[in-house]
$ cat target.pdb   # PDB, C-alpha atoms and all ligand atoms
ATOM      1  CA  MET Z   1     -46.402  12.427  15.334
ATOM      2  CA  GLN Z   2     -48.948   9.694  14.874
ATOM      3  CA  LEU Z   3     -50.166  10.863  11.474
ATOM      4  CA  LEU Z   4     -46.671  10.669  10.000
ATOM      5  CA  GLU Z   5     -45.900   7.312  11.618
ATOM      6  CA  GLU Z   6     -49.113   5.852  10.198
ATOM      7  CA  ARG Z   7     -48.269   7.182   6.769
ATOM      8  CA  ILE Z   8     -44.764   5.711   6.904
ATOM      9  CA  ARG Z   9     -46.206   2.342   7.921
ATOM     10  CA  ARG Z  10     -48.766   2.474   5.128
ATOM     11  CA  ASP Z  11     -46.808   3.964   2.213
ATOM     12  CA  GLY Z  12     -43.117   3.838   3.121
ATOM     13  CA  LYS Z  13     -40.949   1.342   1.254
ATOM     14  CA  ILE Z  14     -37.929  -0.173   2.938
ATOM     15  CA  ARG Z  15     -34.865  -0.669   0.782
ATOM     16  CA  GLU Z  16     -31.640  -2.534   1.439
ATOM     17  CA  GLY Z  17     -28.938  -0.459   3.134
ATOM     18  CA  GLY Z  18     -31.213   1.262   5.648
ATOM     19  CA  VAL Z  19     -32.980   3.494   3.131
ATOM     20  CA  LEU Z  20     -36.660   4.331   3.526
ATOM     21  CA  LYS Z  21     -38.409   5.478   0.375
ATOM     22  CA  VAL Z  22     -41.213   7.945   0.988
ATOM     23  CA  ASP Z  23     -41.583   9.059  -2.596
ATOM     24  CA  SER Z  24     -45.374   8.824  -2.657
ATOM     25  CA  PHE Z  25     -45.970  11.501   0.016
ATOM     26  CA  LEU Z  26     -42.783  13.261   1.131
ATOM     27  CA  ASN Z  27     -40.037  13.645  -1.397
ATOM     28  CA  HIS Z  28     -41.222  13.057  -4.910
ATOM     29  CA  GLN Z  29     -45.004  13.291  -4.904
ATOM     30  CA  MET Z  30     -45.829  15.588  -1.970
ATOM     31  CA  ASP Z  31     -48.894  15.402   0.268
ATOM     32  CA  VAL Z  32     -49.366  19.090   0.982
ATOM     33  CA  ALA Z  33     -52.075  18.509   3.605
ATOM     34  CA  LEU Z  34     -49.631  16.291   5.502
ATOM     35  CA  PHE Z  35     -46.940  18.970   5.104
ATOM     36  CA  GLY Z  36     -49.414  21.402   6.681
ATOM     37  CA  GLU Z  37     -49.756  19.183   9.746
ATOM     38  CA  ILE Z  38     -45.973  18.776   9.898
ATOM     39  CA  GLY Z  39     -45.501  22.546   9.696
ATOM     40  CA  ARG Z  40     -48.101  23.130  12.398
ATOM     41  CA  GLU Z  41     -46.302  20.654  14.683
ATOM     42  CA  PHE Z  42     -42.912  22.315  14.141
ATOM     43  CA  ALA Z  43     -44.535  25.672  14.922
ATOM     44  CA  ARG Z  44     -45.966  24.240  18.162
ATOM     45  CA  LEU Z  45     -42.629  22.706  19.183
ATOM     46  CA  PHE Z  46     -40.594  25.836  18.490
ATOM     47  CA  GLU Z  47     -43.181  28.365  19.665
ATOM     48  CA  GLY Z  48     -41.682  31.330  21.504
ATOM     49  CA  GLN Z  49     -38.205  30.735  20.095
ATOM     50  CA  ASN Z  50     -38.288  33.898  17.963
ATOM     51  CA  VAL Z  51     -37.264  32.107  14.780
ATOM     52  CA  THR Z  52     -36.309  34.636  12.076
ATOM     53  CA  LYS Z  53     -35.265  32.261   9.238
ATOM     54  CA  ILE Z  54     -35.778  28.660   8.253
ATOM     55  CA  LEU Z  55     -32.799  26.981   6.614
ATOM     56  CA  THR Z  56     -33.004  23.742   4.666
ATOM     57  CA  ILE Z  57     -31.026  21.960   1.963
ATOM     58  CA  GLU Z  58     -32.040  21.306  -1.613
ATOM     59  CA  ALA Z  59     -33.984  19.528  -2.836
ATOM     60  CA  SER Z  60     -36.257  17.453  -0.652
ATOM     61  CA  GLY Z  61     -36.271  19.791   2.360
ATOM     62  CA  ILE Z  62     -37.599  22.742   0.403
ATOM     63  CA  GLY Z  63     -41.288  21.833   0.176
ATOM     64  CA  ILE Z  64     -41.540  20.945   3.864
ATOM     65  CA  ALA Z  65     -39.665  24.099   4.887
ATOM     66  CA  CYS Z  66     -41.892  26.340   2.758
ATOM     67  CA  ILE Z  67     -45.114  24.975   4.195
ATOM     68  CA  ALA Z  68     -43.700  25.160   7.746
ATOM     69  CA  ALA Z  69     -42.575  28.753   7.169
ATOM     70  CA  GLN Z  70     -46.183  29.842   6.737
ATOM     71  CA  TYR Z  71     -46.727  29.064  10.436
ATOM     72  CA  PHE Z  72     -43.632  31.025  11.476
ATOM     73  CA  ASN Z  73     -44.088  33.924   9.040
ATOM     74  CA  VAL Z  74     -40.396  33.910   8.166
ATOM     75  CA  PRO Z  75     -38.423  33.420   4.929
ATOM     76  CA  VAL Z  76     -36.975  30.089   3.869
ATOM     77  CA  ILE Z  77     -33.394  29.814   2.680
ATOM     78  CA  PHE Z  78     -32.243  26.631   1.019
ATOM     79  CA  ALA Z  79     -28.565  25.771   0.954
ATOM     80  CA  LYS Z  80     -27.572  25.081  -2.634
ATOM     81  CA  LYS Z  81     -25.485  22.142  -3.646
ATOM     82  CA  ASN Z  82     -22.580  23.840  -5.340
ATOM     83  CA  LYS Z  83     -21.654  22.565  -8.774
ATOM     84  CA  THR Z  84     -18.729  24.795  -9.656
ATOM     85  CA  LYS Z  85     -15.183  24.386  -8.296
ATOM     86  CA  ASN Z  86     -14.615  28.103  -7.687
ATOM     87  CA  ILE Z  87     -16.594  29.377  -4.756
ATOM     88  CA  ALA Z  88     -16.940  33.145  -4.705
ATOM     89  CA  GLY Z  89     -16.270  35.076  -1.491
ATOM     90  CA  ASP Z  90     -19.819  36.264  -1.008
ATOM     91  CA  VAL Z  91     -21.116  32.871   0.195
ATOM     92  CA  TYR Z  92     -20.826  30.757   3.313
ATOM     93  CA  THR Z  93     -19.827  27.217   2.465
ATOM     94  CA  SER Z  94     -19.527  23.813   4.116
ATOM     95  CA  LYS Z  95     -19.287  20.171   3.094
ATOM     96  CA  VAL Z  96     -21.912  17.432   3.239
ATOM     97  CA  GLU Z  97     -21.505  13.722   2.637
ATOM     98  CA  SER Z  98     -24.607  12.386   0.951
ATOM     99  CA  PHE Z  99     -26.117   9.414   2.750
ATOM    100  CA  THR Z 100     -28.010   8.212  -0.287
ATOM    101  CA  HIS Z 101     -25.262   8.766  -2.915
ATOM    102  CA  GLY Z 102     -22.091   8.525  -0.810
ATOM    103  CA  LYS Z 103     -20.510  11.614  -2.433
ATOM    104  CA  VAL Z 104     -19.107  14.677  -0.676
ATOM    105  CA  TYR Z 105     -20.326  18.014  -2.008
ATOM    106  CA  ASP Z 106     -20.181  21.689  -1.042
ATOM    107  CA  ILE Z 107     -23.272  23.531   0.084
ATOM    108  CA  ILE Z 108     -23.496  27.296  -0.085
ATOM    109  CA  VAL Z 109     -25.671  30.124   1.181
ATOM    110  CA  SER Z 110     -25.258  33.710   0.084
ATOM    111  CA  LYS Z 111     -23.985  36.023   2.843
ATOM    112  CA  GLU Z 112     -26.790  38.341   1.826
ATOM    113  CA  PHE Z 113     -29.416  36.134   3.482
ATOM    114  CA  LEU Z 114     -27.896  35.016   6.812
ATOM    115  CA  HIS Z 115     -26.950  37.585   9.439
ATOM    116  CA  SER Z 116     -25.534  37.484  12.954
ATOM    117  CA  GLU Z 117     -28.856  38.548  14.501
ATOM    118  CA  ASP Z 118     -30.759  35.676  12.838
ATOM    119  CA  ARG Z 119     -32.303  32.879  14.894
ATOM    120  CA  VAL Z 120     -32.384  29.932  12.539
ATOM    121  CA  LEU Z 121     -34.555  26.825  12.553
ATOM    122  CA  LEU Z 122     -33.111  23.995  10.448
ATOM    123  CA  ILE Z 123     -35.592  21.751   8.676
ATOM    124  CA  ASP Z 124     -34.974  18.554   6.750
ATOM    125  CA  ASP Z 125     -36.839  15.455   5.657
ATOM    126  CA  PHE Z 126     -34.443  12.835   7.097
ATOM    127  CA  LEU Z 127     -31.785  12.608   9.772
ATOM    128  CA  ALA Z 128     -29.435   9.651   9.250
ATOM    129  CA  ASN Z 129     -25.699  10.158   9.924
ATOM    130  CA  GLY Z 130     -26.142  13.863  10.570
ATOM    131  CA  SER Z 131     -23.890  15.166   7.802
ATOM    132  CA  ALA Z 132     -26.566  17.382   6.218
ATOM    133  CA  LEU Z 133     -27.463  18.969   9.568
ATOM    134  CA  GLN Z 134     -23.818  19.449  10.500
ATOM    135  CA  GLY Z 135     -23.247  21.206   7.178
ATOM    136  CA  LEU Z 136     -26.206  23.507   7.803
ATOM    137  CA  ILE Z 137     -25.068  24.238  11.378
ATOM    138  CA  LYS Z 138     -21.639  25.262  10.051
ATOM    139  CA  LEU Z 139     -23.255  27.737   7.644
ATOM    140  CA  VAL Z 140     -25.244  29.333  10.483
ATOM    141  CA  GLU Z 141     -22.154  29.496  12.702
ATOM    142  CA  ALA Z 142     -20.125  31.053   9.889
ATOM    143  CA  ALA Z 143     -22.691  33.848   9.752
ATOM    144  CA  GLY Z 144     -22.467  34.312  13.538
ATOM    145  CA  ALA Z 145     -26.194  33.517  13.751
ATOM    146  CA  THR Z 146     -27.955  31.298  16.311
ATOM    147  CA  VAL Z 147     -29.230  27.763  15.701
ATOM    148  CA  VAL Z 148     -32.584  27.534  17.482
ATOM    149  CA  GLY Z 149     -32.898  23.826  16.695
ATOM    150  CA  ALA Z 150     -33.670  21.294  14.013
ATOM    151  CA  GLY Z 151     -37.086  20.088  12.901
ATOM    152  CA  ILE Z 152     -36.812  16.685  11.251
ATOM    153  CA  CYS Z 153     -39.600  14.643   9.696
ATOM    154  CA  VAL Z 154     -37.994  11.196   9.927
ATOM    155  CA  GLU Z 155     -35.076  10.394  12.206
ATOM    156  CA  LYS Z 156     -33.499   6.995  11.692
ATOM    157  CA  ALA Z 157     -32.538   6.607  15.337
ATOM    158  CA  PHE Z 158     -30.528   3.471  14.565
ATOM    159  CA  GLN Z 159     -28.010   5.730  12.808
ATOM    160  CA  PRO Z 160     -25.699   8.056  14.760
ATOM    161  CA  GLY Z 161     -26.820  11.495  13.493
ATOM    162  CA  GLY Z 162     -29.433  12.265  16.157
ATOM    163  CA  ASP Z 163     -27.097  11.558  19.091
ATOM    164  CA  LEU Z 164     -24.255  13.414  17.396
ATOM    165  CA  ILE Z 165     -26.246  16.592  16.824
ATOM    166  CA  ARG Z 166     -27.869  16.518  20.292
ATOM    167  CA  GLU Z 167     -24.422  16.067  21.867
ATOM    168  CA  MET Z 168     -23.417  19.284  20.082
ATOM    169  CA  GLY Z 169     -26.076  20.995  22.195
ATOM    170  CA  VAL Z 170     -28.536  21.472  19.347
ATOM    171  CA  ARG Z 171     -32.207  20.808  20.052
ATOM    172  CA  VAL Z 172     -33.491  18.168  17.621
ATOM    173  CA  GLU Z 173     -37.226  17.536  17.266
ATOM    174  CA  SER Z 174     -38.044  14.554  15.078
ATOM    175  CA  LEU Z 175     -41.678  13.848  14.262
ATOM    176  CA  ALA Z 176     -41.110  10.147  13.570
ATOM    177  CA  ARG Z 177     -38.172   8.289  15.117
ATOM    178  CA  ILE Z 178     -37.422   4.900  13.634
ATOM    179  CA  LYS Z 179     -35.852   2.456  16.072
ATOM    180  CA  SER Z 180     -35.275  -0.261  13.514
ATOM    181  CA  MET Z 181     -36.445  -1.317  10.098
ATOM    182  CA  SER Z 182     -35.993  -4.264   7.808
ATOM    183  CA  VAL Z 183     -37.434  -5.454   4.527
ATOM    184  CA  GLU Z 184     -38.926  -8.506   6.301
ATOM    185  CA  GLY Z 185     -39.957  -6.952   9.629
ATOM    186  CA  GLY Z 186     -41.125  -3.492   8.540
ATOM    187  CA  VAL Z 187     -40.670  -0.327  10.591
ATOM    188  CA  GLU Z 188     -40.480  -0.105  14.375
ATOM    189  CA  PHE Z 189     -40.764   3.349  15.941
ATOM    190  CA  CYS Z 190     -39.034   4.476  19.150
TER     191      CYS Z 190
HETATM  192  P1  LIG Z 201     -27.538  12.496   6.831
HETATM  193  O1  LIG Z 201     -26.780  13.665   6.293
HETATM  194  O2  LIG Z 201     -28.172  12.763   8.174
HETATM  195  O3  LIG Z 201     -26.742  11.217   6.815
HETATM  196  O4  LIG Z 201     -28.722  12.215   5.810
HETATM  197  C1  LIG Z 201     -29.726  13.155   5.637
HETATM  198  C2  LIG Z 201     -30.032  13.381   4.199
HETATM  199  O5  LIG Z 201     -29.933  12.169   3.451
HETATM  200  C3  LIG Z 201     -31.435  13.889   4.040
HETATM  201  O6  LIG Z 201     -31.363  15.203   3.547
HETATM  202  C4  LIG Z 201     -32.106  12.947   3.062
HETATM  203  O7  LIG Z 201     -32.326  13.613   1.847
HETATM  204  C5  LIG Z 201     -31.151  11.814   2.845
HETATM  205  N1  LIG Z 201     -31.586  10.559   3.482
HETATM  206  C6  LIG Z 201     -30.979   9.922   4.511
HETATM  207  N2  LIG Z 201     -31.569   8.770   4.797
HETATM  208  C7  LIG Z 201     -32.597   8.642   3.932
HETATM  209  C8  LIG Z 201     -33.599   7.634   3.739
HETATM  210  O8  LIG Z 201     -33.665   6.579   4.398
HETATM  211  N3  LIG Z 201     -34.508   7.875   2.767
HETATM  212  C9  LIG Z 201     -34.496   8.994   2.013
HETATM  213  N4  LIG Z 201     -35.456   9.142   1.103
HETATM  214  N5  LIG Z 201     -33.556   9.961   2.159
HETATM  215  C10 LIG Z 201     -32.616   9.792   3.114
END
$ encode --input "target.pdb" --output "structure tokens"
Amino acid sequence: MQLLEERIRRDGKIREGGVLKVDSFLNHQMDVALFGEIGREFARLFEGQNVTKILTIEASGIGIACIAAQYFNVPVIFAKKNKTKNIAGDVYTSKVESFTHGKVYDIIVSKEFLHSEDRVLLIDDFLANGSALQGLIKLVEAAGATVVGAGICVEKAFQPGGDLIREMGVRVESLARIKSMSVEGGVEFC
């Protein structure tokens, strides 16, 4: 998606360790008009797939998922990062290793909101090693629901997540795919 690539080139900040900061438009300050275009593009890509729920992960996926959901007319569920040790039986749970913080944490979704007849579109801001998406896929599978695919804003294609998830048979649509990036050389798209 050209609009997003241009914005990344203009306002993205490359940090050491393969981290792209997009705090000025995507995950701290949020450009809602841009989110609208992103949502419209996800709706075009997944048209006719009978999506019944959008599932994302807190916190930075939530805004994007909510704006996208307006084009699908479906509810958004966000997987919560669980803070307590005791997980009650009325939730689906899986584990995610944070790319940015390096910690492993549990994510949960209440059984009340995911059902076997659901057709779920996963949405997230970044795809790096694929741990967040794998965690979300496990939640959907635990509910016996169907993963329609994943809509990703920025895929760092130089990391293994995209290949890993596609090899699982999940359709991944990334609006900007970064081939390489460096502090000196900037961003190169696929
Ligand atoms: P993964 O689980 O695929 O390794 O990483 C995906 C998650 O890590 C996303 O939900 C995102 O919040 C975070 N993330 C991964 N890479 C980056 C990055 O380069 N920049 C930012 N801002 N977040 C990232």
$ resolve_selection --input "target.pdb" --expression "the PyMOL selection byres (((not hetatm)) within 8 of (chain Z and resi 201))" --output "PDB file with C-alpha atoms, keeping the file's coordinate frame"
ATOM      1  CA  GLY Z  18     -31.213   1.262   5.648  1.00  0.00           C
ATOM      2  CA  VAL Z  19     -32.980   3.494   3.131  1.00  0.00           C
ATOM      3  CA  LEU Z  20     -36.660   4.331   3.526  1.00  0.00           C
ATOM      4  CA  LYS Z  21     -38.409   5.478   0.375  1.00  0.00           C
ATOM      5  CA  VAL Z  22     -41.213   7.945   0.988  1.00  0.00           C
ATOM      6  CA  ASP Z  23     -41.583   9.059  -2.596  1.00  0.00           C
ATOM      7  CA  ASN Z  27     -40.037  13.645  -1.397  1.00  0.00           C
ATOM      8  CA  ILE Z  57     -31.026  21.960   1.963  1.00  0.00           C
ATOM      9  CA  ALA Z  59     -33.984  19.528  -2.836  1.00  0.00           C
ATOM     10  CA  SER Z  60     -36.257  17.453  -0.652  1.00  0.00           C
ATOM     11  CA  GLY Z  61     -36.271  19.791   2.360  1.00  0.00           C
ATOM     12  CA  VAL Z  96     -21.912  17.432   3.239  1.00  0.00           C
ATOM     13  CA  GLU Z  97     -21.505  13.722   2.637  1.00  0.00           C
ATOM     14  CA  SER Z  98     -24.607  12.386   0.951  1.00  0.00           C
ATOM     15  CA  PHE Z  99     -26.117   9.414   2.750  1.00  0.00           C
ATOM     16  CA  THR Z 100     -28.010   8.212  -0.287  1.00  0.00           C
ATOM     17  CA  ASP Z 124     -34.974  18.554   6.750  1.00  0.00           C
ATOM     18  CA  ASP Z 125     -36.839  15.455   5.657  1.00  0.00           C
ATOM     19  CA  PHE Z 126     -34.443  12.835   7.097  1.00  0.00           C
ATOM     20  CA  LEU Z 127     -31.785  12.608   9.772  1.00  0.00           C
ATOM     21  CA  ALA Z 128     -29.435   9.651   9.250  1.00  0.00           C
ATOM     22  CA  ASN Z 129     -25.699  10.158   9.924  1.00  0.00           C
ATOM     23  CA  GLY Z 130     -26.142  13.863  10.570  1.00  0.00           C
ATOM     24  CA  SER Z 131     -23.890  15.166   7.802  1.00  0.00           C
ATOM     25  CA  ALA Z 132     -26.566  17.382   6.218  1.00  0.00           C
ATOM     26  CA  LEU Z 133     -27.463  18.969   9.568  1.00  0.00           C
ATOM     27  CA  GLN Z 134     -23.818  19.449  10.500  1.00  0.00           C
ATOM     28  CA  LYS Z 156     -33.499   6.995  11.692  1.00  0.00           C
ATOM     29  CA  GLY Z 161     -26.820  11.495  13.493  1.00  0.00           C
TER      30      GLY Z 161
END
$ resolve_selection --input "target.pdb" --expression "the PyMOL selection byres (((chain Z and resi 165) around 12) and not hetatm)" --output "PyMOL selection string"
chain Z and resi 122+127-138+147+149-150+152+155+157+159-164+166-173
$ closest_residue --input "target.pdb" --among "Z:Glu5, Z:Glu37, Z:Glu47, Z:Glu58" --to "Leu121 in chain Z" --atoms "all atoms listed in the file"
Z:Glu47
$ residues_near_point --input "target.pdb" --point "(-47.7, 18.3, 0.6)" --cutoff "12 Å" --atoms "only C-alpha atoms" --output "PyMOL selection string"
chain Z and resi 23-39+60-68
$ residues_around --input "target.pdb" --residues "range 72-76 of chain Z" --least-positions-apart "3" --cutoff "8 Å" --atoms "all atoms listed in the file" --output "short mmCIF file (atom, residue, chain, number, x, y, z; two decimals) with C-alpha atoms, in the coordinates of the input"
data_model
loop_
_atom_site.label_atom_id
_atom_site.label_comp_id
_atom_site.auth_asym_id
_atom_site.auth_seq_id
_atom_site.Cartn_x
_atom_site.Cartn_y
_atom_site.Cartn_z
CA ALA Z 43 -44.54 25.67 14.92
CA VAL Z 51 -37.26 32.11 14.78
CA THR Z 52 -36.31 34.64 12.08
CA LYS Z 53 -35.26 32.26 9.24
CA ILE Z 54 -35.78 28.66 8.25
CA LEU Z 55 -32.80 26.98 6.61
CA THR Z 56 -33.00 23.74 4.67
CA ALA Z 65 -39.66 24.10 4.89
CA CYS Z 66 -41.89 26.34 2.76
CA ALA Z 68 -43.70 25.16 7.75
CA ALA Z 69 -42.58 28.75 7.17
#
$ closest_residue --input "target.pdb" --among "Z:Arg40, Z:Lys80, Z:Arg15, Z:Arg7" --to "Val183 in chain Z" --atoms "all atoms listed in the file"
Z:Arg15
$ atom_distance --input "target.pdb" --atom1 "CA of Ala143 in chain Z" --atom2 "CA of Ala79 in chain Z"
13.3 Å
$ closest_residue --input "target.pdb" --among "Z:Ser94, Z:Gln49, Z:Gln2, Z:Ser116" --to "Leu175 in chain Z" --atoms "only C-alpha atoms"
Z:Gln2
$ residues_around --input "target.pdb" --residues "Tyr92 in chain Z" --least-positions-apart "2" --cutoff "8 Å" --atoms "only C-alpha atoms" --output "PyMOL selection string"
chain Z and resi 89-90+94+108-111+139+142-143
$ atom_distance --input "target.pdb" --atom1 "CA of Asn82 in chain Z" --atom2 "CA of Ile123 in chain Z"
19.2 Å
$ atom_distance --input "target.pdb" --atom1 "CA of Lys81 in chain Z" --atom2 "CA of Gly12 in chain Z"
26.3 Å
$ build_atoms --input "target.pdb" --residues "range 172-182 of chain Z" --atoms "all heavy atoms" --output "PDB file, keeping the file's coordinate frame"
ATOM      1  N   VAL Z 172     -32.976  18.869  18.810  1.00  0.00           N
ATOM      2  CA  VAL Z 172     -33.491  18.168  17.621  1.00  0.00           C
ATOM      3  C   VAL Z 172     -34.888  17.652  17.936  1.00  0.00           C
ATOM      4  O   VAL Z 172     -35.082  16.942  18.919  1.00  0.00           O
ATOM      5  CB  VAL Z 172     -32.586  16.977  17.223  1.00  0.00           C
ATOM      6  CG1 VAL Z 172     -33.146  16.251  15.999  1.00  0.00           C
ATOM      7  CG2 VAL Z 172     -31.159  17.443  16.948  1.00  0.00           C
ATOM      8  N   GLU Z 173     -35.851  18.023  17.117  1.00  0.00           N
ATOM      9  CA  GLU Z 173     -37.226  17.536  17.266  1.00  0.00           C
ATOM     10  C   GLU Z 173     -37.571  16.723  16.025  1.00  0.00           C
ATOM     11  O   GLU Z 173     -37.668  17.266  14.922  1.00  0.00           O
ATOM     12  CB  GLU Z 173     -38.204  18.712  17.406  1.00  0.00           C
ATOM     13  CG  GLU Z 173     -37.999  19.562  18.647  1.00  0.00           C
ATOM     14  CD  GLU Z 173     -38.466  18.881  19.937  1.00  0.00           C
ATOM     15  OE1 GLU Z 173     -39.036  17.773  19.880  1.00  0.00           O
ATOM     16  OE2 GLU Z 173     -38.255  19.486  21.004  1.00  0.00           O
ATOM     17  N   SER Z 174     -37.727  15.430  16.204  1.00  0.00           N
ATOM     18  CA  SER Z 174     -38.044  14.554  15.078  1.00  0.00           C
ATOM     19  C   SER Z 174     -39.476  14.060  15.215  1.00  0.00           C
ATOM     20  O   SER Z 174     -39.861  13.571  16.277  1.00  0.00           O
ATOM     21  CB  SER Z 174     -37.084  13.366  15.049  1.00  0.00           C
ATOM     22  OG  SER Z 174     -35.752  13.820  14.998  1.00  0.00           O
ATOM     23  N   LEU Z 175     -40.253  14.174  14.165  1.00  0.00           N
ATOM     24  CA  LEU Z 175     -41.678  13.848  14.262  1.00  0.00           C
ATOM     25  C   LEU Z 175     -41.931  12.347  14.203  1.00  0.00           C
ATOM     26  O   LEU Z 175     -42.932  11.867  14.711  1.00  0.00           O
ATOM     27  CB  LEU Z 175     -42.453  14.574  13.157  1.00  0.00           C
ATOM     28  CG  LEU Z 175     -42.289  16.095  13.157  1.00  0.00           C
ATOM     29  CD1 LEU Z 175     -43.251  16.734  12.168  1.00  0.00           C
ATOM     30  CD2 LEU Z 175     -42.475  16.693  14.547  1.00  0.00           C
ATOM     31  N   ALA Z 176     -41.042  11.615  13.550  1.00  0.00           N
ATOM     32  CA  ALA Z 176     -41.110  10.147  13.570  1.00  0.00           C
ATOM     33  C   ALA Z 176     -39.689   9.649  13.794  1.00  0.00           C
ATOM     34  O   ALA Z 176     -38.762  10.064  13.088  1.00  0.00           O
ATOM     35  CB  ALA Z 176     -41.660   9.613  12.255  1.00  0.00           C
ATOM     36  N   ARG Z 177     -39.519   8.822  14.822  1.00  0.00           N
ATOM     37  CA  ARG Z 177     -38.172   8.289  15.117  1.00  0.00           C
ATOM     38  C   ARG Z 177     -38.205   6.783  14.906  1.00  0.00           C
ATOM     39  O   ARG Z 177     -38.934   6.062  15.600  1.00  0.00           O
ATOM     40  CB  ARG Z 177     -37.751   8.613  16.547  1.00  0.00           C
ATOM     41  CG  ARG Z 177     -37.625  10.109  16.791  1.00  0.00           C
ATOM     42  CD  ARG Z 177     -37.056  10.393  18.173  1.00  0.00           C
ATOM     43  NE  ARG Z 177     -35.617  10.147  18.210  1.00  0.00           N
ATOM     44  CZ  ARG Z 177     -35.002   9.465  19.159  1.00  0.00           C
ATOM     45  NH1 ARG Z 177     -35.676   8.928  20.151  1.00  0.00           N
ATOM     46  NH2 ARG Z 177     -33.690   9.285  19.114  1.00  0.00           N
ATOM     47  N   ILE Z 178     -37.425   6.327  13.962  1.00  0.00           N
ATOM     48  CA  ILE Z 178     -37.422   4.900  13.634  1.00  0.00           C
ATOM     49  C   ILE Z 178     -36.329   4.200  14.442  1.00  0.00           C
ATOM     50  O   ILE Z 178     -35.159   4.554  14.357  1.00  0.00           O
ATOM     51  CB  ILE Z 178     -37.198   4.687  12.121  1.00  0.00           C
ATOM     52  CG1 ILE Z 178     -38.369   5.316  11.346  1.00  0.00           C
ATOM     53  CG2 ILE Z 178     -37.083   3.194  11.796  1.00  0.00           C
ATOM     54  CD1 ILE Z 178     -38.232   5.218   9.846  1.00  0.00           C
ATOM     55  N   LYS Z 179     -36.785   3.218  15.237  1.00  0.00           N
ATOM     56  CA  LYS Z 179     -35.852   2.456  16.072  1.00  0.00           C
ATOM     57  C   LYS Z 179     -35.117   1.418  15.230  1.00  0.00           C
ATOM     58  O   LYS Z 179     -33.912   1.241  15.323  1.00  0.00           O
ATOM     59  CB  LYS Z 179     -36.672   1.765  17.160  1.00  0.00           C
ATOM     60  CG  LYS Z 179     -35.899   1.101  18.237  1.00  0.00           C
ATOM     61  CD  LYS Z 179     -36.887   0.641  19.294  1.00  0.00           C
ATOM     62  CE  LYS Z 179     -36.306  -0.398  20.200  1.00  0.00           C
ATOM     63  NZ  LYS Z 179     -37.345  -1.009  21.028  1.00  0.00           N
ATOM     64  N   SER Z 180     -35.886   0.734  14.401  1.00  0.00           N
ATOM     65  CA  SER Z 180     -35.275  -0.261  13.514  1.00  0.00           C
ATOM     66  C   SER Z 180     -36.186  -0.461  12.309  1.00  0.00           C
ATOM     67  O   SER Z 180     -37.387  -0.166  12.378  1.00  0.00           O
ATOM     68  CB  SER Z 180     -35.088  -1.591  14.246  1.00  0.00           C
ATOM     69  OG  SER Z 180     -36.354  -2.106  14.593  1.00  0.00           O
ATOM     70  N   MET Z 181     -35.606  -0.966  11.249  1.00  0.00           N
ATOM     71  CA  MET Z 181     -36.445  -1.317  10.098  1.00  0.00           C
ATOM     72  C   MET Z 181     -35.742  -2.378   9.269  1.00  0.00           C
ATOM     73  O   MET Z 181     -34.525  -2.434   9.205  1.00  0.00           O
ATOM     74  CB  MET Z 181     -36.810  -0.090   9.251  1.00  0.00           C
ATOM     75  CG  MET Z 181     -35.663   0.606   8.602  1.00  0.00           C
ATOM     76  SD  MET Z 181     -36.228   2.076   7.690  1.00  0.00           S
ATOM     77  CE  MET Z 181     -34.831   2.280   6.589  1.00  0.00           C
ATOM     78  N   SER Z 182     -36.550  -3.238   8.683  1.00  0.00           N
ATOM     79  CA  SER Z 182     -35.993  -4.264   7.808  1.00  0.00           C
ATOM     80  C   SER Z 182     -37.036  -4.613   6.755  1.00  0.00           C
ATOM     81  O   SER Z 182     -38.238  -4.414   6.970  1.00  0.00           O
ATOM     82  CB  SER Z 182     -35.622  -5.512   8.606  1.00  0.00           C
ATOM     83  OG  SER Z 182     -36.789  -6.086   9.144  1.00  0.00           O
TER      84      SER Z 182
END
